[in-house]
Amino acid sequence: MKLSDLAQKFSDYDEKEKAILKRKNKKPRPSTRFRTQSFINIRDVSDGIIITNDDRYIRIIEIVPTNFFNKDALEQERIVYQFAQYLNHAPRTMQIKVMSVPETAEDYLKVLRSYKNLPNATKQTREMVDDLAAEIKDTVEIYKLTANRFFVIYEFEEFQMSPDFNYVRKILLGHELALAECMERCGCKVVNPRLTDNQYINTVLYEYILMHFDRMAPDFETQSLQIYQEIADRNPMKVDSLTIEDYLSPKEVAFYDRKFCEVNGKYVSYHYISDYRHRVTAGWLNPLLSSSYDVDVDIFFVREDRRKAKTIVRRSVDMQELVLENINSNTSVAMESRQNMQDALLLREKMYSESADMYYLSVLVTISADELDVLDDKIREVYNLMETKDMPLLPLDLRQEEGFRSTLPFVKLDKDVMRISSRNILCGELASVFPFNEPSIFDEGGIFIGKNKAGRFCAINNFDTTKYDKPHMMFLGSTGSGKTYAGQLMIGRSRMA
């Protein structure tokens, strides 16, 4: 490389560093009048139901996913059909939240370490357990493995001035049972703390909300104790005035840039899918959900009244016909109008012939990083990924606060964000999104394999007849690639288990 080229490279690097430093220095001092508690807006949590200050009743349900793409095409179609049947009777407005959380493998390691205490455990077995546990921890830390957690969020939608809480609970419970039944048919499970005591329910819901701000936050009991102790040390008189919002709110939220905000010292940027494919396949959002880019995805959908939807589609067809009559048929505008016309006609046909409901769909993508340059690189990579899948992203420029508020687990999408991000879609295409997919094979009591291409922790129990017809395995690879060693590891770990 020439000296001039090298000098230019260092100059470009310095300019980039100066730009990043300038963006960091723009951060204003926190205002004493600005309280992050205003974002939470929770009055109470009772029987697993969040009651907000504006008298809304919200339920958060966690879903244990299935490996959707490990199933054949016929099974995938059946799952999409079952999900569509549920959506027809689901609450009118819903939010599906997919959160990327750091993988710790603690549950797996706990089971693994228990092997050391078995009566037939030898010294060699205990040494093997220690070596494997160390290897798993190194794999998780070095590759920064992640996992997804899935939540369905809905609210009590009937308009009543002062609804009876028992009636609200009954309605929300009915929706939960319908969701649980649907997920059972789809191969998923509902994490159902309803069968345990009320305190546990509240703690679980608190942790869901806390996780939105800090993925490495301790459990709610530890968090509450830390905050209580901090306030007691600073001003003991304020201890009695602590509320739920004080325990749940983020420590700091700063909006000082058009493209990102800062939450608890982490840089976060909000984006939305601006366009979609005209023809979708089952699991069409999976490339983003199963990527290794550590992003959150919020899917909002609102079911439109059928009579109003037919009127909207009819007007759209008339408008496109008018446009095509008044412009040259060879222009790009005419081609786009023709495509919109075909989409509107397809919508109208399915709405009349199949009685399909129409929805408004918005998909928000949250990208975060610890450093600004890492955030920029990650945004660029995610944009490239979505561009190749014909689902381009656009940033919520100058709307970062609206994006932050919308992605909170309170099923409340900002009106301006909804206006620019929503797209009408029929029930069948909406069901095809089926986001409850975990792209790894992780079996309880399985043998540790490593990580897959999506950066997920993999462990397989090939003797689990409830999931696999036969226990056989096959190793494929070129000479010297490690087939024999992999087989020895599998046999050794199987013997250990």
# chains A, B, ... in the order shown; residues from 1 in each chain; ligands from 1
>>> residues_around(residues="Phe463 of chain A", least_positions_apart="3", cutoff="12 Å", atoms="only C-alpha atoms", output="ChimeraX atom specification")
/A:443-447,460,466-473,494,497
>>> write_last_selection(atoms="all heavy atoms", output="compact mmCIF listing (two decimals), in the first residue's frame")
# COMPACT_ATOMS: atom_id res chain seq x y z
N ASP A 443 -33.04 -29.75 23.06
CA ASP A 443 -33.87 -30.75 23.75
C ASP A 443 -33.47 -30.83 25.21
O ASP A 443 -32.28 -30.74 25.56
CB ASP A 443 -33.68 -32.14 23.11
CG ASP A 443 -34.05 -32.14 21.64
OD1 ASP A 443 -34.89 -31.30 21.25
OD2 ASP A 443 -33.50 -32.97 20.89
N GLU A 444 -34.47 -30.98 26.06
CA GLU A 444 -34.19 -31.16 27.49
C GLU A 444 -33.37 -32.45 27.67
O GLU A 444 -33.74 -33.51 27.19
CB GLU A 444 -35.51 -31.27 28.27
CG GLU A 444 -36.33 -29.98 28.26
CD GLU A 444 -35.65 -28.86 28.99
OE1 GLU A 444 -34.87 -29.16 29.91
OE2 GLU A 444 -35.89 -27.68 28.65
N GLY A 445 -32.27 -32.34 28.41
CA GLY A 445 -31.40 -33.50 28.61
C GLY A 445 -30.63 -33.90 27.38
O GLY A 445 -30.12 -35.02 27.29
N GLY A 446 -30.54 -32.97 26.40
CA GLY A 446 -29.85 -33.29 25.15
C GLY A 446 -28.33 -33.22 25.27
O GLY A 446 -27.79 -32.74 26.27
N ILE A 447 -27.66 -33.70 24.24
CA ILE A 447 -26.19 -33.69 24.20
C ILE A 447 -25.74 -32.37 23.57
O ILE A 447 -26.21 -32.00 22.49
CB ILE A 447 -25.66 -34.87 23.38
CG1 ILE A 447 -26.20 -36.19 23.94
CG2 ILE A 447 -24.14 -34.88 23.38
CD1 ILE A 447 -25.91 -36.42 25.39
N ILE A 460 -29.04 -31.83 21.49
CA ILE A 460 -30.01 -32.76 20.90
C ILE A 460 -30.07 -34.05 21.70
O ILE A 460 -29.04 -34.58 22.14
CB ILE A 460 -29.67 -33.05 19.41
CG1 ILE A 460 -30.75 -33.91 18.78
CG2 ILE A 460 -28.30 -33.70 19.28
CD1 ILE A 460 -30.62 -34.05 17.29
N THR A 466 -40.68 -38.69 21.39
CA THR A 466 -41.80 -37.78 21.20
C THR A 466 -41.50 -36.77 20.10
O THR A 466 -42.43 -36.17 19.54
CB THR A 466 -42.11 -37.02 22.50
OG1 THR A 466 -40.96 -36.24 22.88
CG2 THR A 466 -42.46 -37.99 23.62
N LYS A 467 -40.22 -36.59 19.76
CA LYS A 467 -39.85 -35.63 18.72
C LYS A 467 -39.25 -36.29 17.49
O LYS A 467 -39.38 -35.79 16.38
CB LYS A 467 -38.84 -34.61 19.28
CG LYS A 467 -39.38 -33.73 20.37
CD LYS A 467 -38.35 -32.73 20.84
CE LYS A 467 -38.02 -31.71 19.76
NZ LYS A 467 -37.13 -30.66 20.27
N TYR A 468 -38.56 -37.43 17.69
CA TYR A 468 -37.86 -38.06 16.58
C TYR A 468 -38.33 -39.51 16.43
O TYR A 468 -38.45 -40.24 17.43
CB TYR A 468 -36.33 -38.02 16.82
CG TYR A 468 -35.81 -36.64 17.17
CD1 TYR A 468 -35.39 -36.36 18.47
CD2 TYR A 468 -35.76 -35.62 16.23
CE1 TYR A 468 -34.92 -35.11 18.82
CE2 TYR A 468 -35.30 -34.36 16.57
CZ TYR A 468 -34.88 -34.11 17.86
OH TYR A 468 -34.43 -32.86 18.20
N ASP A 469 -38.57 -39.90 15.19
CA ASP A 469 -39.04 -41.26 14.93
C ASP A 469 -37.96 -42.29 15.22
O ASP A 469 -38.23 -43.36 15.77
CB ASP A 469 -39.49 -41.40 13.47
CG ASP A 469 -40.73 -40.58 13.18
OD1 ASP A 469 -41.49 -40.33 14.13
OD2 ASP A 469 -40.93 -40.18 12.04
N LYS A 470 -36.72 -41.99 14.84
CA LYS A 470 -35.62 -42.92 15.00
C LYS A 470 -34.46 -42.22 15.70
O LYS A 470 -34.27 -41.02 15.56
CB LYS A 470 -35.15 -43.44 13.64
CG LYS A 470 -36.21 -44.17 12.83
CD LYS A 470 -36.54 -45.52 13.46
CE LYS A 470 -37.47 -46.32 12.56
NZ LYS A 470 -38.78 -45.68 12.39
N PRO A 471 -33.64 -42.98 16.46
CA PRO A 471 -32.54 -42.35 17.20
C PRO A 471 -31.25 -42.23 16.38
O PRO A 471 -30.23 -41.81 16.93
CB PRO A 471 -32.34 -43.31 18.37
CG PRO A 471 -32.70 -44.65 17.82
CD PRO A 471 -33.81 -44.40 16.82
N HIS A 472 -31.29 -42.63 15.10
CA HIS A 472 -30.04 -42.69 14.32
C HIS A 472 -29.52 -41.29 13.97
O HIS A 472 -30.29 -40.34 13.83
CB HIS A 472 -30.27 -43.47 13.03
CG HIS A 472 -30.95 -44.80 13.26
ND1 HIS A 472 -30.49 -45.71 14.16
CD2 HIS A 472 -32.07 -45.34 12.71
CE1 HIS A 472 -31.28 -46.77 14.17
NE2 HIS A 472 -32.25 -46.55 13.30
N MET A 473 -28.19 -41.20 13.81
CA MET A 473 -27.54 -39.95 13.41
C MET A 473 -26.55 -40.25 12.29
O MET A 473 -26.06 -41.37 12.17
CB MET A 473 -26.81 -39.30 14.59
CG MET A 473 -27.69 -38.95 15.77
SD MET A 473 -26.78 -38.13 17.08
CE MET A 473 -26.47 -36.55 16.32
N SER A 494 -22.98 -38.92 25.55
CA SER A 494 -24.18 -39.74 25.73
C SER A 494 -23.98 -40.69 26.92
O SER A 494 -24.89 -40.89 27.73
CB SER A 494 -24.46 -40.57 24.48
OG SER A 494 -24.79 -39.73 23.39
N ALA A 497 -24.36 -38.79 30.12
CA ALA A 497 -25.76 -38.44 30.45
C ALA A 497 -26.58 -39.64 30.84
O ALA A 497 -27.73 -39.49 31.24
CB ALA A 497 -26.40 -37.74 29.24
>>> closest_atom_pairs(of="segment 132-183 of chain A", to="segment 408-420 of chain A", cutoff="8 Å", atoms="only C-alpha atoms", output="tab-separated table")
residue	atom	partner	partner_atom	distance
A:Ile153	CA	A:Val411	CA	6.2
A:Tyr154	CA	A:Val411	CA	6.3
A:Glu155	CA	A:Val411	CA	7.5
>>> write_last_selection(atoms="N, CA and C atoms", output="PDB file, in the first residue's frame")
ATOM      1  N   ILE A 153     -49.232  -9.797  23.570  1.00  0.00           N
ATOM      2  CA  ILE A 153     -49.767  -8.770  24.462  1.00  0.00           C
ATOM      3  C   ILE A 153     -51.107  -8.293  23.906  1.00  0.00           C
ATOM      4  N   TYR A 154     -52.118  -8.269  24.749  1.00  0.00           N
ATOM      5  CA  TYR A 154     -53.435  -7.785  24.326  1.00  0.00           C
ATOM      6  C   TYR A 154     -54.094  -7.091  25.503  1.00  0.00           C
ATOM      7  N   GLU A 155     -55.215  -6.424  25.263  1.00  0.00           N
ATOM      8  CA  GLU A 155     -55.885  -5.660  26.301  1.00  0.00           C
ATOM      9  C   GLU A 155     -57.386  -5.892  26.279  1.00  0.00           C
TER      10      GLU A 155
END
>>> select_by_dssp(residues="segment 166-408 of chain A", states="helix (DSSP H, G or I)", output="PyMOL selection string")
chain A and resi 166-185+193-195+198-213+220-234+236-241+244-248+286-289+306-326+332-353+372-388+400-406
>>> write_last_selection(atoms="C-alpha atoms", output="compact mmCIF listing (two decimals), in the first residue's frame")
# COMPACT_ATOMS: atom_id res chain seq x y z
CA ASN A 166 -63.88 -9.85 37.75
CA TYR A 167 -65.56 -9.37 34.35
CA VAL A 168 -62.33 -7.98 32.87
CA ARG A 169 -60.39 -10.92 34.29
CA LYS A 170 -62.92 -13.37 32.82
CA ILE A 171 -62.65 -11.85 29.32
CA LEU A 172 -58.82 -11.74 29.35
CA LEU A 173 -58.66 -15.28 30.71
CA GLY A 174 -60.92 -16.47 27.87
CA HIS A 175 -58.51 -14.97 25.32
CA GLU A 176 -55.59 -16.62 27.12
CA LEU A 177 -57.23 -20.05 27.01
CA ALA A 178 -57.97 -19.64 23.29
CA LEU A 179 -54.34 -18.66 22.68
CA ALA A 180 -53.08 -21.63 24.73
CA GLU A 181 -55.28 -24.00 22.72
CA CYS A 182 -54.01 -22.57 19.44
CA MET A 183 -50.36 -22.76 20.51
CA GLU A 184 -50.87 -26.38 21.60
CA ARG A 185 -52.07 -27.25 18.09
CA PRO A 193 -48.04 -18.75 35.72
CA ARG A 194 -51.78 -18.55 36.39
CA LEU A 195 -51.64 -21.87 38.24
CA ASN A 198 -50.38 -14.25 42.66
CA GLN A 199 -47.01 -12.93 43.88
CA TYR A 200 -45.19 -15.11 41.36
CA ILE A 201 -47.44 -13.83 38.55
CA ASN A 202 -46.66 -10.23 39.42
CA THR A 203 -42.93 -10.93 39.64
CA VAL A 204 -42.92 -12.59 36.21
CA LEU A 205 -44.77 -9.66 34.62
CA TYR A 206 -42.39 -7.19 36.25
CA GLU A 207 -39.40 -9.04 34.83
CA TYR A 208 -40.91 -8.96 31.31
CA ILE A 209 -41.10 -5.17 31.51
CA LEU A 210 -37.69 -4.78 33.17
CA MET A 211 -36.11 -6.89 30.45
CA HIS A 212 -37.12 -4.30 27.86
CA PHE A 213 -34.61 -1.85 29.36
CA PHE A 220 -37.28 -8.49 40.33
CA GLU A 221 -36.70 -9.25 44.02
CA THR A 222 -33.00 -8.36 43.76
CA GLN A 223 -33.78 -5.28 41.66
CA SER A 224 -36.41 -4.06 44.15
CA LEU A 225 -34.04 -4.56 47.08
CA GLN A 226 -31.27 -2.59 45.32
CA ILE A 227 -33.57 0.34 44.52
CA TYR A 228 -35.05 0.34 48.02
CA GLN A 229 -31.57 0.34 49.60
CA GLU A 230 -30.37 3.10 47.26
CA ILE A 231 -33.34 5.36 48.13
CA ALA A 232 -33.03 4.53 51.85
CA ASP A 233 -29.35 5.51 51.87
CA ARG A 234 -30.03 8.74 49.98
CA PRO A 236 -34.99 7.55 54.14
CA MET A 237 -38.08 9.80 54.14
CA LYS A 238 -38.85 8.86 50.50
CA VAL A 239 -38.90 5.10 51.05
CA ASP A 240 -42.62 5.02 51.88
CA SER A 241 -43.48 6.91 48.67
CA ILE A 244 -44.35 0.26 41.05
CA GLU A 245 -43.12 2.72 38.43
CA ASP A 246 -40.01 3.45 40.49
CA TYR A 247 -39.07 -0.23 40.50
CA LEU A 248 -39.75 -0.78 36.78
CA ASN A 286 -38.03 -15.60 9.89
CA PRO A 287 -34.80 -14.29 8.22
CA LEU A 288 -34.91 -11.32 10.59
CA LEU A 289 -36.14 -13.17 13.67
CA ARG A 306 -65.39 -5.97 7.62
CA ARG A 307 -67.94 -3.48 6.24
CA LYS A 308 -65.51 -0.58 6.49
CA ALA A 309 -62.72 -2.68 4.95
CA LYS A 310 -64.85 -3.45 1.88
CA THR A 311 -65.55 0.26 1.41
CA ILE A 312 -61.83 1.09 1.65
CA VAL A 313 -60.88 -1.59 -0.89
CA ARG A 314 -63.64 -0.46 -3.27
CA ARG A 315 -62.40 3.13 -3.14
CA SER A 316 -58.82 1.98 -3.71
CA VAL A 317 -59.86 0.08 -6.87
CA ASP A 318 -61.73 3.15 -8.17
CA MET A 319 -58.76 5.41 -7.48
CA GLN A 320 -56.27 3.16 -9.27
CA GLU A 321 -58.60 2.90 -12.28
CA LEU A 322 -58.75 6.71 -12.40
CA VAL A 323 -54.96 6.98 -12.22
CA LEU A 324 -54.48 4.45 -15.04
CA GLU A 325 -56.93 6.32 -17.27
CA ASN A 326 -55.05 9.60 -16.97
CA SER A 332 -43.12 3.63 -13.71
CA VAL A 333 -46.07 5.32 -11.99
CA ALA A 334 -48.46 3.33 -14.20
CA MET A 335 -46.62 0.08 -13.41
CA GLU A 336 -46.85 0.77 -9.68
CA SER A 337 -50.50 1.73 -9.99
CA ARG A 338 -51.20 -1.45 -11.96
CA GLN A 339 -49.61 -3.54 -9.21
CA ASN A 340 -51.64 -1.70 -6.54
CA MET A 341 -54.73 -2.36 -8.63
CA GLN A 342 -54.00 -6.09 -8.73
CA ASP A 343 -53.42 -6.15 -4.95
CA ALA A 344 -56.70 -4.32 -4.31
CA LEU A 345 -58.61 -6.66 -6.62
CA LEU A 346 -57.09 -9.69 -4.88
CA LEU A 347 -58.07 -8.26 -1.51
CA ARG A 348 -61.62 -7.67 -2.71
CA GLU A 349 -61.91 -11.15 -4.19
CA LYS A 350 -60.75 -12.90 -1.01
CA MET A 351 -62.86 -10.70 1.23
CA TYR A 352 -66.00 -11.55 -0.74
CA SER A 353 -65.33 -15.19 -1.65
CA LEU A 372 -22.03 4.01 18.29
CA ASP A 373 -19.73 2.61 15.60
CA VAL A 374 -20.99 -0.91 16.37
CA LEU A 375 -24.57 0.38 16.11
CA ASP A 376 -23.87 1.90 12.69
CA ASP A 377 -22.32 -1.34 11.42
CA LYS A 378 -25.22 -3.42 12.76
CA ILE A 379 -27.81 -1.12 11.16
CA ARG A 380 -26.04 -1.41 7.83
CA GLU A 381 -25.94 -5.22 8.04
CA VAL A 382 -29.62 -5.53 9.01
CA TYR A 383 -30.61 -3.17 6.18
CA ASN A 384 -28.65 -5.28 3.69
CA LEU A 385 -30.31 -8.45 4.97
CA MET A 386 -33.82 -7.03 4.65
CA GLU A 387 -33.08 -5.56 1.23
CA THR A 388 -32.15 -9.00 -0.11
CA GLN A 400 -37.10 7.89 18.29
CA GLU A 401 -39.16 8.72 21.38
CA GLU A 402 -42.33 7.54 19.63
CA GLY A 403 -40.51 4.35 18.66
CA PHE A 404 -39.35 3.82 22.25
CA ARG A 405 -42.86 4.28 23.63
CA SER A 406 -44.41 2.06 20.95
>>> select_by_dssp(residues="segment 27-242 of chain A", states="strand (DSSP E)", output="PyMOL selection string")
chain A and resi 42-46+49-52+57-64+93-102+146-155+189-191
>>> closest_residue(among="A:Asp72, A:Glu106, A:Asp219, A:Glu252", to="Thr36 of chain A", atoms="only C-alpha atoms")
A:Glu252
>>> closest_residue(among="A:Leu21, A:Val129, A:Ile51, A:Met99", to="Gly492 of chain A", atoms="only C-alpha atoms")
A:Val129
